[in-house]
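Worksheet: the structure to be examined is printed underneath.
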Amino acid sequence: MAERVTPVMERALSRRRLLKSAGALVISFSLAACSRGEKQTAPPAGSPAAKAPASPTPASAVVATPTPWIPTNAVRSAIDDKSLDGWLAIAPDGTVTVYCGKVELGTGVRTALAQIVAEELSVPFERVEMVMGDTAATPDQGYTAGSKTLQVAGPVLQRAAAQAYALLLDLAAERLGAPKDQLVAEDGVIRVAGNDAAKVSYGELIGGKQFQQALREDVTVKPADQHRVVGQSIPRVDLPGKITGKPSYVQDLRLPGMLHGRVIRPAAIGARLLEVDESSVKDIPTLVKVVRNGNFLGVVAEREEDAIKAAKQLKATWEQVENLPAMEALRDFILSQPIAQDKEVARQGDVEAALAGAAVRLEATYQVPYQMHGSIGPSCAVADVRDGEATVYSSTQGVYPLRGALAQLLGLPEEKVRVIHVEGAGCYGHNGFDDVAADAALLSQAVGKPVRVQWMRHDEHGWEPKGPAMVIQVSGGLDGQGNVVAWDYAVWTPTHSTRPGKQAGNLLAGQLVDPPAPPAKNSNTGGDRNANHNYAFPNNRIIAHWLASSPLRQSALRSLGAFANVNAVEGFMDELAAAAKIDPVAFRLKYLTDPRAIDVLKAAAEKAGWESRPSPNPANGSGDVVRGRGVAYAQYEGEYAYVAAVAEVEVNRQSGEIRVPRVVVAHDCGIIVNPDGLKNQIEGNVIQGVSRMLKERVTFDRARVTSLDWSSYPILTFPEVPEVEIVLIDRPDQSPLGAGEPAISPVGASIANAFFDATGVRLREIPFTPDRVKAALA
Amino acid sequence: MQIRVNGRQHAVQAAPDTPLLYVLRNELQLNGPKFGCGLSQCGACTVHLNGKPIRSCVTPVSQAAGGEITTLEGLGGDGKLHPLQQAFLDEQAGQCGYCLSGMIMTAAALLTENPRPSDDEIRQALAGNLCRCGSHLRILRAVKRAAEAMA
Ligand code: FES
Ligand code: FES
């Protein structure tokens with residue numbers, strides 16, 4: 001095993017520590033076979049990589065991250081997003097290493113981004129290796145969020161690869177003494193057309209060396225009709241490891257001498273820690289330390305089960321406080337809260353006058369509860385904080401913003417902190433992964449050894465930042481012919497982002513330590529997402545009332561405010577359509593002008609076999625079970641992917657249970673990079689959307705969250721999962737748009753509309769649980 | 001204490017009441033079984049004890065001693081893929097993949113007992129296994145595909 005301890009590993013850890021560990025394999029994680037197959041992960045002896053110096057970021061430095069799928073023989077220049085070498089490097093063996101600041105969150109972007117690079121460079125897909133999210137290796141591309149990865153990183157990597165390709169052609173023309181227009185590149189080899197002997201590989205041209213060129217914007221990329229890799233359903237590169245038990249997650253990371261930590265959270269939100277009785281855990285055999293700092297409390301033990309036992313057994317006395325509002329009165333609470341900012345999101349015409357003159361006026365209030373990300377794997381991180389340096393392995397969505405926050409929390413300069421992304425369980429937004437990194441860092445700092453912390457289920461459910469509750473009030477007016485003459489919309493929401501943003505005050509631990517980190521400043525964002533629509537109404541007003549605070553700590557949950565807003569916009573469109581006695585699809589088409597919007601709506605209706613008629617359903621069935629169908633449409637954020645959904649529901653009037661047997665989605669997110677990967681994302685959106693619509697609500701009493709496990713926060717299970725049919729609309733002439741979240745909101749709204757179609761009753765408060773359904777139908 | 005995992009005998013240090021999951025993950029460095037809830041609610045930790053699926057997060061290691069424990073790593077035997085693993089690849093069944101070990105182990109036990117399950121029977125068998133990414137439909141297709149391959 002010793003031969004695997006390469007200079008790479010020395011840089012991945014600190015040189016001194018490595019020597020201390022006597023050449024043993026330092027990170028057992030790296031042992032795993034690369035998920036692409038049996039690729040050798042150590043550089044061949046004598047290769048430039050193996051000889052690379054270990055000084056800080058020299059030219060051609062060797063950098064590796066201890067993830068099983070990342071090769072260790074990459075050649076890289078300094079982190080520099082302005083230079084081509086900052087984005088990709090070609091090794092002597094032709095391996096292309098891409099340095100990407102975005103990370104894999106389980107959605108398949110590692111595969112899709114590699115496809116884009118392989119395409120532009122004309123190399124086999126297998127030869128592209130992605131290094132993603134490491135403050136010692138990759139450019140700062142902010143957060144991996146908002147379905148923006150393919151959308152943002154895709155074009156950058158595409159341009160970098162295209163630029164490299166053009167430079168390789170120049171080099172080959174010189175080397176082969178042939179004009180460029182006679183050269184053909186295939187599989188990483190450039191040949192002279194018609195002369196099989198005249199050829200040179202990329203590795204021979206540039207392997208191990210740098211391009212030394214500034215990154216250019218004005219490059220020519222391959223025309224879509226020549227694509228061979230982009231547009232293919234290339235299998236996910238991470239899946240083989242995951243289905244055979246290879247280490248694949250931060251949860252699987254083991255450092256030598258690593259201890260296990262657990263945290264003990266306040267007994268009530270905002271409670272102070274009054275007393276800790278350490279003697280209550282003195283019988284626990286491998287306990288190393290009880291760590292207390294203000295209201296931050298944790299335990300560290302050699303064995304994981306001992307850390308768990310100690311956290312459970314430790315006697316801590318917390319102040320008794322009741323800082324939360326009454327859950328059942330959440331709507332009134334939200335509507336009466338101080339407003340930090342009123343923002344006019346859109347205004348056309350004169351809404352008041354139009355409403356006053358309308359033949360029919362409608363008004364409605366919609367509401368969503370706090371909902372959680374609910375990762376199946378509780379948040380986990382491993383931190384090694386010693387001798388004024390920190391290395392933190394985290395499934396964070398942003399290694400740089402987290403690094404800044406951790407540096408502040410630990411009292412270290414930023415450059416002494418390295419954050420390395422290692423994949424975690426799916427997160428669906430900002431869940432507990434940043435917080436647990438802070439927990440692990442504080443505990444490691446306290447014991448001077450590497451510490452792994454995985455939250456318990458009750459930590460995750462209780463303390464992950466929640467998708468916030470929101471209230472929406474909307475009024476609309478129709479003229480005598482059933483045309484919409486006015487639309488007046490207001491949403492009450494806190495900001496949907498409290499991501500680290502280099503502020504320790506955004507980390508749970510930062511709020512608990514003494515003295516607490518300075519209160520974080522977060523801009524108002526996310527809650528107005530999709531508050532506006534793209535229906536052409538003559539009089540339209542959209543207001544966002546940004547709440548100054550949120551009783552439960554909140555942050556980004558898949559699609560942020562769009563889930564609530566699309567539910568309200570599309571629900572109210574349906575209300576207006578029903579009042580006008582017009583078919584819901586036809587009603588929407590009257591106000592859509594964008595051809596791509598019209599196409600997705602028509603495609604979904606056609607695939608669903610939509611029968612044109614107004615809602616509610618005159619033939620909804622007899623007996624206890626009634627049936628209906630509903631439609632919804634949205635363009636994500638008003639500028640990205642177009643999605644239309646049709647849901648069919650069955651409502652049991654006696655039990656109050658809603659079943660969703662079938663959902664149809666039509667989806668246009670520009671050029672499709674990987675059709676199967678895209679379908680996978682859409683299916684996930686559908687299932688999570690059904691779950692959030694029908695089942696999910698975070699419960700709390702006056703002191704704390706009471707949804708602490710899967711029985712108090714149930715999610716959709718196998719017997720309840722609908723059949724999903726998908727129509728993909730490919731636009732090879734358009735840029736790729738993210739697909740991680742656009743579909744969830746229209747899917748949710750289509751279920752609400754289908755419920756109305758089935759029952760003639762409108763539900764406006766999510767989730768549609770059996771008790772609510774029974775009450776509404778009574 | 002001695003436990004037998006994937007056909008091999010191991011001496012372990014853990015106290016007898018330690019949940020099997022931590023012994024497998026930490027002492028044996030196996031990665032298949034995952035910690036999901038520790039409450040027997042999600043199925044991420046599922047392994048086989050004498051061919052039957054158990055939740056290793058709530059099974060004391062002492063209870064498993066003397067039995068034959070199988071984890072995802074040992075399912076195929078001899079480093080080969082079990083037909084279920086192959087089917088999960090063929091169907092690209094998974095997103096984050098964290099739930100998959102539990103899904104595959106639960107499905108493997110189902111197929112031993114009921115080699116030709118109906119769609120409904122597969123859904124029922126997996127009803128106690130949670131997936132938050134929404135990979136359910138692919139998982140169902142994978143189990144069906146494996147059943148056909150094994151028939
Ligand atoms: S971890 Fe064992 S059932 Fe969830
Ligand atoms: S694939 Fe992520 S939890 Fe199932």
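For the structure tokens, the naming scheme is as follows: chains receive sequential letters (A, B, ...) according to their order of presentation, residues are indexed from 1 within each chain, and ligands are indexed from 1 in presentation order.
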
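Taking only C-alpha atoms and all ligand atoms into account, the protein and nucleic acid residues that come at most 6 Å from ligand 2 are Ile376 and Gly426 of chain A; Gly94, Gln95, Cys96, Gly97, Tyr98, Cys99, Cys131, Arg132, Cys133 and Ser135 of chain B.
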
With C-alpha atoms kept, could you save the residues just selected as a compact mmCIF listing (two decimals), in the first residue's frame?
```txt
# COMPACT_ATOMS: atom_id res chain seq x y z
CA ILE A 376 -31.64 10.10 4.09
CA GLY A 426 -28.66 14.09 -1.38
CA GLY B 94 -30.18 6.10 -8.06
CA GLN B 95 -29.34 9.72 -7.64
CA CYS B 96 -27.32 10.36 -4.51
CA GLY B 97 -27.35 6.62 -3.96
CA TYR B 98 -27.28 6.75 -0.17
CA CYS B 99 -30.37 4.54 0.14
CA CYS B 131 -35.48 7.36 -0.70
CA ARG B 132 -35.52 11.14 -0.64
CA CYS B 133 -34.10 11.67 -4.12
CA SER B 135 -35.33 7.20 -7.43
```

Counting only C-alpha atoms and all ligand atoms, which residues of chain B fall within 7 Å of ligand 1, and what is the closest atom pair for each with its distance in Å at one decimal, ordered by chain and rising number, as CSV?
```
residue,atom,partner,partner_atom_place_in_ligand_line,distance
B:Lys34,CA,ligand 1,1 (S),6.4
B:Phe35,CA,ligand 1,1 (S),4.4
B:Gly36,CA,ligand 1,1 (S),3.8
B:Cys37,CA,ligand 1,4 (Fe),3.9
B:Gly38,CA,ligand 1,1 (S),4.3
B:Leu39,CA,ligand 1,3 (S),5.6
B:Ser40,CA,ligand 1,3 (S),3.4
B:Gln41,CA,ligand 1,3 (S),4.5
B:Cys42,CA,ligand 1,4 (Fe),3.9
B:Gly43,CA,ligand 1,3 (S),3.9
B:Ala44,CA,ligand 1,1 (S),5.0
B:Cys45,CA,ligand 1,2 (Fe),4.4
B:Thr46,CA,ligand 1,2 (Fe),6.5
B:Arg55,CA,ligand 1,2 (Fe),5.0
B:Ser56,CA,ligand 1,2 (Fe),5.9
B:Cys57,CA,ligand 1,2 (Fe),4.3
B:Val58,CA,ligand 1,2 (Fe),6.6
```

- [ ] Quick one: everything within 7 Å of range 199-213 of chain A, counting only C-alpha atoms, minus sequence neighbours fewer than 4 positions away in the same chain. Send it as a ChimeraX atom specification.
- [x] /A:48,75,83-85,90-94,168,171-172,188-192

Those same residues - N, CA and C atoms - I'd like them written as a PDB file, in the first residue's frame.
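After the write, result.pdb holds the following:
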```pdb
ATOM      1  N   PRO A  48       6.013  13.177 -14.513  1.00  0.00           N
ATOM      2  CA  PRO A  48       6.191  14.528 -13.965  1.00  0.00           C
ATOM      3  C   PRO A  48       5.388  14.704 -12.683  1.00  0.00           C
ATOM      4  N   VAL A  75      -2.133  17.355 -13.248  1.00  0.00           N
ATOM      5  CA  VAL A  75      -1.154  18.430 -13.317  1.00  0.00           C
ATOM      6  C   VAL A  75      -1.940  19.730 -13.334  1.00  0.00           C
ATOM      7  N   SER A  83      -7.200  32.028 -16.165  1.00  0.00           N
ATOM      8  CA  SER A  83      -6.290  31.358 -17.090  1.00  0.00           C
ATOM      9  C   SER A  83      -6.850  29.992 -17.465  1.00  0.00           C
ATOM     10  N   LEU A  84      -6.563  29.576 -18.665  1.00  0.00           N
ATOM     11  CA  LEU A  84      -7.030  28.277 -19.145  1.00  0.00           C
ATOM     12  C   LEU A  84      -6.529  27.157 -18.244  1.00  0.00           C
ATOM     13  N   ASP A  85      -5.276  27.272 -17.795  1.00  0.00           N
ATOM     14  CA  ASP A  85      -4.695  26.214 -16.963  1.00  0.00           C
ATOM     15  C   ASP A  85      -5.402  26.086 -15.617  1.00  0.00           C
ATOM     16  N   ILE A  90      -3.855  18.584 -19.142  1.00  0.00           N
ATOM     17  CA  ILE A  90      -3.745  17.313 -19.855  1.00  0.00           C
ATOM     18  C   ILE A  90      -2.449  16.631 -19.418  1.00  0.00           C
ATOM     19  N   ALA A  91      -2.582  15.407 -18.982  1.00  0.00           N
ATOM     20  CA  ALA A  91      -1.428  14.665 -18.479  1.00  0.00           C
ATOM     21  C   ALA A  91      -0.744  13.953 -19.640  1.00  0.00           C
ATOM     22  N   PRO A  92       0.500  13.502 -19.421  1.00  0.00           N
ATOM     23  CA  PRO A  92       1.225  12.814 -20.506  1.00  0.00           C
ATOM     24  C   PRO A  92       0.462  11.610 -21.057  1.00  0.00           C
ATOM     25  N   ASP A  93      -0.323  10.948 -20.209  1.00  0.00           N
ATOM     26  CA  ASP A  93      -1.068   9.796 -20.713  1.00  0.00           C
ATOM     27  C   ASP A  93      -2.385  10.201 -21.387  1.00  0.00           C
ATOM     28  N   GLY A  94      -2.594  11.514 -21.502  1.00  0.00           N
ATOM     29  CA  GLY A  94      -3.782  11.980 -22.206  1.00  0.00           C
ATOM     30  C   GLY A  94      -4.993  12.217 -21.315  1.00  0.00           C
ATOM     31  N   LEU A 168      -4.450  22.993 -29.257  1.00  0.00           N
ATOM     32  CA  LEU A 168      -3.867  21.691 -29.599  1.00  0.00           C
ATOM     33  C   LEU A 168      -3.749  21.549 -31.120  1.00  0.00           C
ATOM     34  N   LEU A 171      -0.716  23.469 -32.190  1.00  0.00           N
ATOM     35  CA  LEU A 171       0.510  22.729 -31.859  1.00  0.00           C
ATOM     36  C   LEU A 171       0.714  21.567 -32.826  1.00  0.00           C
ATOM     37  N   ALA A 172      -0.387  20.886 -33.145  1.00  0.00           N
ATOM     38  CA  ALA A 172      -0.287  19.716 -34.026  1.00  0.00           C
ATOM     39  C   ALA A 172       0.107  20.139 -35.440  1.00  0.00           C
ATOM     40  N   GLY A 188      -8.598  12.062 -28.762  1.00  0.00           N
ATOM     41  CA  GLY A 188      -7.393  12.614 -28.164  1.00  0.00           C
ATOM     42  C   GLY A 188      -6.157  12.483 -29.041  1.00  0.00           C
ATOM     43  N   VAL A 189      -6.350  12.170 -30.324  1.00  0.00           N
ATOM     44  CA  VAL A 189      -5.236  12.065 -31.266  1.00  0.00           C
ATOM     45  C   VAL A 189      -5.565  12.941 -32.469  1.00  0.00           C
ATOM     46  N   ILE A 190      -4.551  13.687 -32.925  1.00  0.00           N
ATOM     47  CA  ILE A 190      -4.757  14.519 -34.107  1.00  0.00           C
ATOM     48  C   ILE A 190      -3.971  13.900 -35.266  1.00  0.00           C
ATOM     49  N   ARG A 191      -4.663  13.713 -36.409  1.00  0.00           N
ATOM     50  CA  ARG A 191      -3.981  13.137 -37.587  1.00  0.00           C
ATOM     51  C   ARG A 191      -4.139  14.060 -38.780  1.00  0.00           C
ATOM     52  N   VAL A 192      -3.254  13.789 -39.741  1.00  0.00           N
ATOM     53  CA  VAL A 192      -3.390  14.486 -41.009  1.00  0.00           C
ATOM     54  C   VAL A 192      -4.338  13.643 -41.859  1.00  0.00           C
TER      55      VAL A 192
END
```

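The space separating CA of Gln313 in chain A from CA of Ala301 in chain A comes to 13.3 Å.
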
TODO: Would you mind writing down, as a list of chain:residue names, each residue of range 33-116 of chain B that DSSP on the backbone assigns to strand (DSSP E or B)?
DONE: B:Thr46, B:Val47, B:His48, B:Leu49, B:Lys52, B:Pro53, B:Ile54, B:Arg55, B:Pro60, B:Glu68, B:Ile69, B:Thr70

Open item on the list: Show me, as a ChimeraX atom specification, every residue of chain A with an atom at most 6 Å from chain B, counting only C-alpha atoms.
Closed with: /A:106-107,244-245,247,376-377,425-426,457,684,687,717-719

For the residues selected in the previous step, produce a file with all heavy atoms as a compact mmCIF listing (two decimals), in the first residue's frame.
```
# COMPACT_ATOMS: atom_id res chain seq x y z
N GLY A 106 -25.25 14.63 -6.05
CA GLY A 106 -26.06 13.44 -6.29
C GLY A 106 -26.97 13.58 -7.50
O GLY A 106 -27.80 12.73 -7.75
N THR A 107 -26.78 14.68 -8.24
CA THR A 107 -27.67 14.89 -9.38
C THR A 107 -27.04 14.48 -10.70
O THR A 107 -27.69 14.53 -11.73
CB THR A 107 -28.05 16.39 -9.49
OG1 THR A 107 -26.86 17.14 -9.72
CG2 THR A 107 -28.70 16.87 -8.21
N THR A 244 -21.76 -1.01 -5.01
CA THR A 244 -20.92 -2.11 -4.56
C THR A 244 -20.31 -1.84 -3.18
O THR A 244 -19.56 -2.67 -2.67
CB THR A 244 -19.78 -2.40 -5.56
OG1 THR A 244 -19.13 -1.16 -5.87
CG2 THR A 244 -20.31 -3.02 -6.84
N GLY A 245 -20.61 -0.68 -2.60
CA GLY A 245 -20.10 -0.41 -1.26
C GLY A 245 -18.70 0.17 -1.24
O GLY A 245 -18.01 0.11 -0.22
N PRO A 247 -16.17 3.24 -0.88
CA PRO A 247 -16.36 4.51 -0.17
C PRO A 247 -16.74 5.60 -1.17
O PRO A 247 -16.03 5.81 -2.15
CB PRO A 247 -15.00 4.78 0.47
CG PRO A 247 -14.06 3.83 -0.16
CD PRO A 247 -14.83 2.70 -0.73
N ILE A 376 -31.60 11.45 3.51
CA ILE A 376 -31.64 10.10 4.09
C ILE A 376 -30.38 9.84 4.92
O ILE A 376 -30.42 9.09 5.89
CB ILE A 376 -31.81 9.04 2.98
CG1 ILE A 376 -33.17 9.21 2.30
CG2 ILE A 376 -31.67 7.63 3.51
CD1 ILE A 376 -34.38 9.09 3.20
N GLY A 377 -29.28 10.46 4.56
CA GLY A 377 -28.07 10.35 5.37
C GLY A 377 -27.89 11.61 6.18
O GLY A 377 -27.66 12.68 5.62
N ALA A 425 -24.99 12.40 1.22
CA ALA A 425 -26.31 11.99 0.78
C ALA A 425 -26.99 13.21 0.16
O ALA A 425 -26.62 14.35 0.45
CB ALA A 425 -27.12 11.47 1.96
N GLY A 426 -27.98 12.98 -0.69
CA GLY A 426 -28.66 14.09 -1.38
C GLY A 426 -29.11 15.14 -0.38
O GLY A 426 -29.53 14.83 0.73
N ARG A 457 -30.43 11.29 13.73
CA ARG A 457 -31.64 11.65 13.00
C ARG A 457 -32.37 12.83 13.65
O ARG A 457 -32.85 13.73 12.97
CB ARG A 457 -32.55 10.41 12.88
CG ARG A 457 -33.87 10.60 12.18
CD ARG A 457 -33.80 11.36 10.88
NE ARG A 457 -32.99 10.76 9.85
CZ ARG A 457 -32.63 11.41 8.73
NH1 ARG A 457 -33.01 12.66 8.51
NH2 ARG A 457 -31.87 10.81 7.84
N GLY A 684 -37.26 12.61 -9.88
CA GLY A 684 -37.02 12.98 -8.49
C GLY A 684 -37.84 14.19 -8.07
O GLY A 684 -38.41 14.24 -6.98
N ILE A 687 -41.52 13.07 -7.55
CA ILE A 687 -41.80 12.29 -6.34
C ILE A 687 -41.67 13.18 -5.10
O ILE A 687 -42.50 13.14 -4.19
CB ILE A 687 -40.88 11.05 -6.30
CG1 ILE A 687 -41.33 10.10 -7.43
CG2 ILE A 687 -40.92 10.36 -4.94
CD1 ILE A 687 -40.36 9.00 -7.74
N THR A 717 -43.72 7.08 0.29
CA THR A 717 -43.12 5.75 0.28
C THR A 717 -43.48 5.02 -1.02
O THR A 717 -44.36 5.46 -1.77
CB THR A 717 -43.61 4.92 1.47
OG1 THR A 717 -45.02 4.77 1.36
CG2 THR A 717 -43.26 5.58 2.80
N PHE A 718 -42.81 3.90 -1.23
CA PHE A 718 -42.99 3.16 -2.49
C PHE A 718 -44.44 2.93 -2.91
O PHE A 718 -44.78 3.17 -4.07
CB PHE A 718 -42.25 1.81 -2.43
CG PHE A 718 -40.84 1.91 -2.91
CD1 PHE A 718 -39.79 2.05 -2.01
CD2 PHE A 718 -40.54 1.86 -4.27
CE1 PHE A 718 -38.48 2.15 -2.45
CE2 PHE A 718 -39.24 1.95 -4.72
CZ PHE A 718 -38.21 2.10 -3.81
N PRO A 719 -45.31 2.47 -2.00
CA PRO A 719 -46.67 2.20 -2.47
C PRO A 719 -47.40 3.45 -2.96
O PRO A 719 -48.39 3.36 -3.69
CB PRO A 719 -47.36 1.62 -1.22
CG PRO A 719 -46.25 1.11 -0.37
CD PRO A 719 -45.09 2.03 -0.63
```

TODO: Extract, using only C-alpha atoms, all DNA, RNA and protein residues at most 8 Å from range 535-539 of chain A, discarding same-chain residues fewer than 5 positions from it, and format them as a PyMOL selection string.
DONE: chain A and resi 347-351+354+484-487+588+591-593
